[in-house]
Amino acid sequence: MSDNLRQELEKLGEPDLEAVDRIWARYTTTRALEPRRRRHRVAGGVVALAAAAALTALWANAEEPERSVDLASPVTPVAHDWGRNVSLQAVGQGTMTGTDSDSVLEWSTGTVQVEVTPKTNTRMAVVTEEARVEVIGTVFQVRRDALGSTVGVDRGEVAVHCKDGTQIDLTAGQSHTCLPVTAAGLMGRADELNDSGRRGDEYVEALDLGIAASSGGPVLGELLARRTEVNVAKGDLEAVLADAERYLSNDSGRLGEVSRRAAYLALRNEDCARAIPWLQRLHAQGSALDSVLLAECLTPTDPDRARELVHHALPALDPAGSERAQRVLNALGDN
Amino acid sequence: MTGPRWLMTSRLPRAELTAHAIAGDPAAIDALAKAWLPHVYRWCHRLGGPGFDSEDAAHEVLITMCRRVHTVRDPNAFPAWLFGITRRTLANHRRRAWWKRWLPAAVVEDRPADRGDPERSFEAMCAHEQVWDALMELKPIHREVLVLCELEERSATEAAALLGIPAGTVKSRLRAARTHFRGLVEDESNPAILGVGGV
């Protein structure tokens, strides 16, 4: 019976034998980075206690050498041991500084997993642009990407201080993302969410926070332009018009797009009065169809101007636009 | 250091080497790690299951061994102590498995290589997956004894020493593990269950 069972188990196949060589190579690299200490057993309780006390005193008084190591591996995960009690596995870029017992990893981009041996009085912190993660004895990961800095705890507990003021203690199995704090960072987060098809509340929140964090300029313009797109979908005319107004002094090269959103949503709400300023901007940019739409709005109040706009636009219109222009002319009594 | 024989025939180190390692001799620690590496890797591979990063786990076990070997009091207890480290490391790796998706590391492919007749390769792959599924369905204490006694062909006494339990307990666990494993494999092989045959 056991032979049959063994036959079944043998279907599992042999482990990858080359792995043994790979593990050994990795082991020797890790060991080379470790300080080697001979451990001698000291017989005799009194002697041991005295030695321990002396060592403790020496340890407390000793100035540990401070050092700095750059971690840069954009594609392949690398393992790095910092002293005896901190192990890192990293894909990305950062700089570790400090001593064996008190160190800080400034992490710029990518994912790093940190393992700190518990009960060794080792202080370790990971600092990103968005967060400071402090830990004593645990296993945790920090991923810094366009979405922000995400901290996840595998074992133990960490205190996360986000730059936006949020403070949270995480225990095993929990994670938290500290959002970017700059307008450009929040725009990057919005980009990333958009690219991954997550255009819900998180996307809107990134735009809102980015706009709030910005003091002006093209980044603000870009964020406003994107928010107009969201608010057009919601049909929120007031919000679209407010952002479009603000966009005028923070142009990021999308004035036509923003103006069209404002104008078309106003037209959809049958609000020609609020559409006209935006249609005029589009007409000034040479958009023939928008000139016809402007003419439609002006027909009741300024028929001459409407007529002029249509005749001016006609040569550049496609068949559908021409049909619409003809309807305006009919309304004006020009057959 | 290549080929299956190296993995299968590597001898356990003598207690003398273990004693030197426990005393803190760096060369002895490395020699001990090298001697135990194939065993540790095999445990990680068999007990971790398909898709598990057994290389990473084995590396972690060895490094932990180096750092803590001085705490072992009796060289004869070293194998059980090392197996205990492997157990804990595997449990930790499983807990943190969901983080692994964050790291763009290569996906561990753990299937028989596709060679020759595609139909036979497919059958081999199915059988391989069925056995893995059955093995991973077992309770960890049953999986351990099955791997140690059936796959590694250790005696109940050897397995008992590694697991730190009486030989009688190994035997009773092994009986239960065999029965359960056999039942699972038979269930998996049932065409009706696989949806490829009639009732």
# chains A, B, ... in the order shown; residues from 1 in each chain; ligands from 1
>>> select_by_dssp(residues="region 165-311 of chain A", states="strand (DSSP E)", output="CSV table (one decimal) with N, CA and C atoms, in the first residue's frame")
chain,number,residue,atom,x,y,z
A,167,GLN,N,-2.2,59.8,11.6
A,167,GLN,CA,-1.3,58.9,12.4
A,167,GLN,C,-2.1,57.6,12.6
A,168,ILE,N,-1.5,56.5,12.4
A,168,ILE,CA,-2.2,55.3,12.5
A,168,ILE,C,-1.2,54.2,13.0
A,169,ASP,N,-1.7,53.3,13.9
A,169,ASP,CA,-0.9,52.2,14.3
A,169,ASP,C,-1.4,51.0,13.5
A,170,LEU,N,-0.5,50.3,12.9
A,170,LEU,CA,-1.0,49.1,12.1
A,170,LEU,C,-0.5,47.8,12.8
A,171,THR,N,-1.3,46.8,12.8
A,171,THR,CA,-0.9,45.5,13.3
A,171,THR,C,-0.9,44.5,12.1
A,175,SER,N,-3.0,47.4,6.4
A,175,SER,CA,-2.2,48.3,5.5
A,175,SER,C,-2.8,49.6,5.5
A,176,HIS,N,-2.0,50.6,5.1
A,176,HIS,CA,-2.5,52.0,5.0
A,176,HIS,C,-1.7,52.7,4.0
A,177,THR,N,-2.3,53.5,3.2
A,177,THR,CA,-1.6,54.3,2.2
A,177,THR,C,-1.6,55.8,2.6
A,178,CYS,N,-0.4,56.3,2.7
A,178,CYS,CA,-0.3,57.7,2.9
A,178,CYS,C,-0.3,58.4,1.6
>>> residues_around(residues="Ala176 (chain B)", least_positions_apart="4", cutoff="10 Å", atoms="only C-alpha atoms", output="MDAnalysis selection string")
chainID B and resid 138 142 145:146 170:172 180:182
>>> write_last_selection(atoms="N, CA, C and O atoms", output="PDB file, in the first residue's frame")
ATOM      1  N   LEU B 138      -3.964  18.159   3.386  1.00  0.00           N
ATOM      2  CA  LEU B 138      -3.724  17.488   4.675  1.00  0.00           C
ATOM      3  C   LEU B 138      -3.454  18.499   5.774  1.00  0.00           C
ATOM      4  O   LEU B 138      -3.000  19.617   5.502  1.00  0.00           O
ATOM      5  N   HIS B 142       0.091  16.090   9.524  1.00  0.00           N
ATOM      6  CA  HIS B 142       0.049  14.885   8.691  1.00  0.00           C
ATOM      7  C   HIS B 142       0.952  15.049   7.471  1.00  0.00           C
ATOM      8  O   HIS B 142       1.623  14.106   7.037  1.00  0.00           O
ATOM      9  N   VAL B 145       4.646  14.313   8.434  1.00  0.00           N
ATOM     10  CA  VAL B 145       5.064  12.910   8.572  1.00  0.00           C
ATOM     11  C   VAL B 145       5.057  12.202   7.212  1.00  0.00           C
ATOM     12  O   VAL B 145       5.910  11.356   6.945  1.00  0.00           O
ATOM     13  N   LEU B 146       4.125  12.589   6.364  1.00  0.00           N
ATOM     14  CA  LEU B 146       4.082  11.963   5.037  1.00  0.00           C
ATOM     15  C   LEU B 146       5.330  12.318   4.229  1.00  0.00           C
ATOM     16  O   LEU B 146       5.932  11.468   3.574  1.00  0.00           O
ATOM     17  N   VAL B 170       4.404   9.450  15.709  1.00  0.00           N
ATOM     18  CA  VAL B 170       4.705   9.530  14.269  1.00  0.00           C
ATOM     19  C   VAL B 170       3.926   8.455  13.524  1.00  0.00           C
ATOM     20  O   VAL B 170       3.299   8.709  12.488  1.00  0.00           O
ATOM     21  N   LYS B 171       3.945   7.249  14.079  1.00  0.00           N
ATOM     22  CA  LYS B 171       3.281   6.135  13.396  1.00  0.00           C
ATOM     23  C   LYS B 171       1.773   6.371  13.291  1.00  0.00           C
ATOM     24  O   LYS B 171       1.180   6.127  12.238  1.00  0.00           O
ATOM     25  N   SER B 172       1.182   6.847  14.372  1.00  0.00           N
ATOM     26  CA  SER B 172      -0.276   7.057  14.316  1.00  0.00           C
ATOM     27  C   SER B 172      -0.608   8.199  13.357  1.00  0.00           C
ATOM     28  O   SER B 172      -1.575   8.124  12.596  1.00  0.00           O
ATOM     29  N   HIS B 180      -5.945   9.566   4.778  1.00  0.00           N
ATOM     30  CA  HIS B 180      -6.546  10.804   4.296  1.00  0.00           C
ATOM     31  C   HIS B 180      -6.023  11.160   2.896  1.00  0.00           C
ATOM     32  O   HIS B 180      -6.777  11.507   1.987  1.00  0.00           O
ATOM     33  N   PHE B 181      -4.697  11.017   2.726  1.00  0.00           N
ATOM     34  CA  PHE B 181      -4.086  11.360   1.441  1.00  0.00           C
ATOM     35  C   PHE B 181      -4.629  10.465   0.326  1.00  0.00           C
ATOM     36  O   PHE B 181      -5.000  10.928  -0.751  1.00  0.00           O
ATOM     37  N   ARG B 182      -4.718   9.162   0.639  1.00  0.00           N
ATOM     38  CA  ARG B 182      -5.202   8.210  -0.366  1.00  0.00           C
ATOM     39  C   ARG B 182      -6.642   8.567  -0.770  1.00  0.00           C
ATOM     40  O   ARG B 182      -6.989   8.581  -1.949  1.00  0.00           O
TER      41      ARG B 182
END
>>> residues_around(residues="Leu90 (chain B)", least_positions_apart="5", cutoff="9 Å", atoms="only C-alpha atoms", output="PyMOL selection string")
chain B and resi 44+47-48+54+57-58+61+85+95
>>> residues_around(residues="Gln113 (chain A)", least_positions_apart="2", cutoff="6 Å", atoms="only C-alpha atoms", output="number ranges by chain")
A: 88-89, 140-141
>>> residues_around(residues="Phe78 (chain B)", least_positions_apart="2", cutoff="10 Å", atoms="only C-alpha atoms", output="ChimeraX atom specification")
/B:15,18-19,22,65,69,72-76,80-84,161-162
>>> residues_around(residues="Trp24 (chain A)", least_positions_apart="4", cutoff="9 Å", atoms="only C-alpha atoms", output="MDAnalysis selection string")
(chainID A and resid 19:20 28:29) or (chainID B and resid 33:34 37 59)
>>> write_last_selection(atoms="N, CA, C and O atoms", output="JSON list (two decimals), in the first residue's frame")
[["chain", "number", "residue", "atom", "x", "y", "z"],
["A", 19, "ALA", "N", 18.27, 25.19, -7.76],
["A", 19, "ALA", "CA", 17.90, 26.11, -6.68],
["A", 19, "ALA", "C", 18.88, 25.99, -5.51],
["A", 19, "ALA", "O", 19.17, 26.98, -4.85],
["A", 20, "VAL", "N", 19.37, 24.80, -5.29],
["A", 20, "VAL", "CA", 20.30, 24.60, -4.17],
["A", 20, "VAL", "C", 21.54, 25.47, -4.36],
["A", 20, "VAL", "O", 22.02, 26.13, -3.43],
["A", 28, "THR", "N", 25.92, 32.76, 0.91],
["A", 28, "THR", "CA", 27.30, 33.24, 1.08],
["A", 28, "THR", "C", 27.37, 34.76, 0.98],
["A", 28, "THR", "O", 28.12, 35.40, 1.71],
["A", 29, "THR", "N", 26.53, 35.34, 0.11],
["A", 29, "THR", "CA", 26.49, 36.81, 0.00],
["A", 29, "THR", "C", 25.99, 37.41, 1.31],
["A", 29, "THR", "O", 26.58, 38.35, 1.84],
["B", 33, "ALA", "N", 25.61, 24.68, 7.43],
["B", 33, "ALA", "CA", 24.56, 25.23, 6.55],
["B", 33, "ALA", "C", 24.59, 24.52, 5.21],
["B", 33, "ALA", "O", 23.54, 24.16, 4.65],
["B", 34, "LYS", "N", 25.80, 24.32, 4.69],
["B", 34, "LYS", "CA", 25.92, 23.68, 3.37],
["B", 34, "LYS", "C", 25.42, 22.23, 3.41],
["B", 34, "LYS", "O", 24.74, 21.77, 2.49],
["B", 37, "LEU", "N", 21.58, 22.33, 3.72],
["B", 37, "LEU", "CA", 20.84, 23.08, 2.69],
["B", 37, "LEU", "C", 19.90, 22.19, 1.86],
["B", 37, "LEU", "O", 18.72, 22.51, 1.72],
["B", 59, "HIS", "N", 16.57, 29.96, 2.26],
["B", 59, "HIS", "CA", 17.62, 30.93, 2.57],
["B", 59, "HIS", "C", 17.39, 31.52, 3.96],
["B", 59, "HIS", "O", 18.31, 31.64, 4.77]]
>>> closest_residue(among="A:Leu224, A:Ala266, A:Leu9, A:Cys297", to="Leu151 (chain B)", atoms="only C-alpha atoms")
A:Leu9
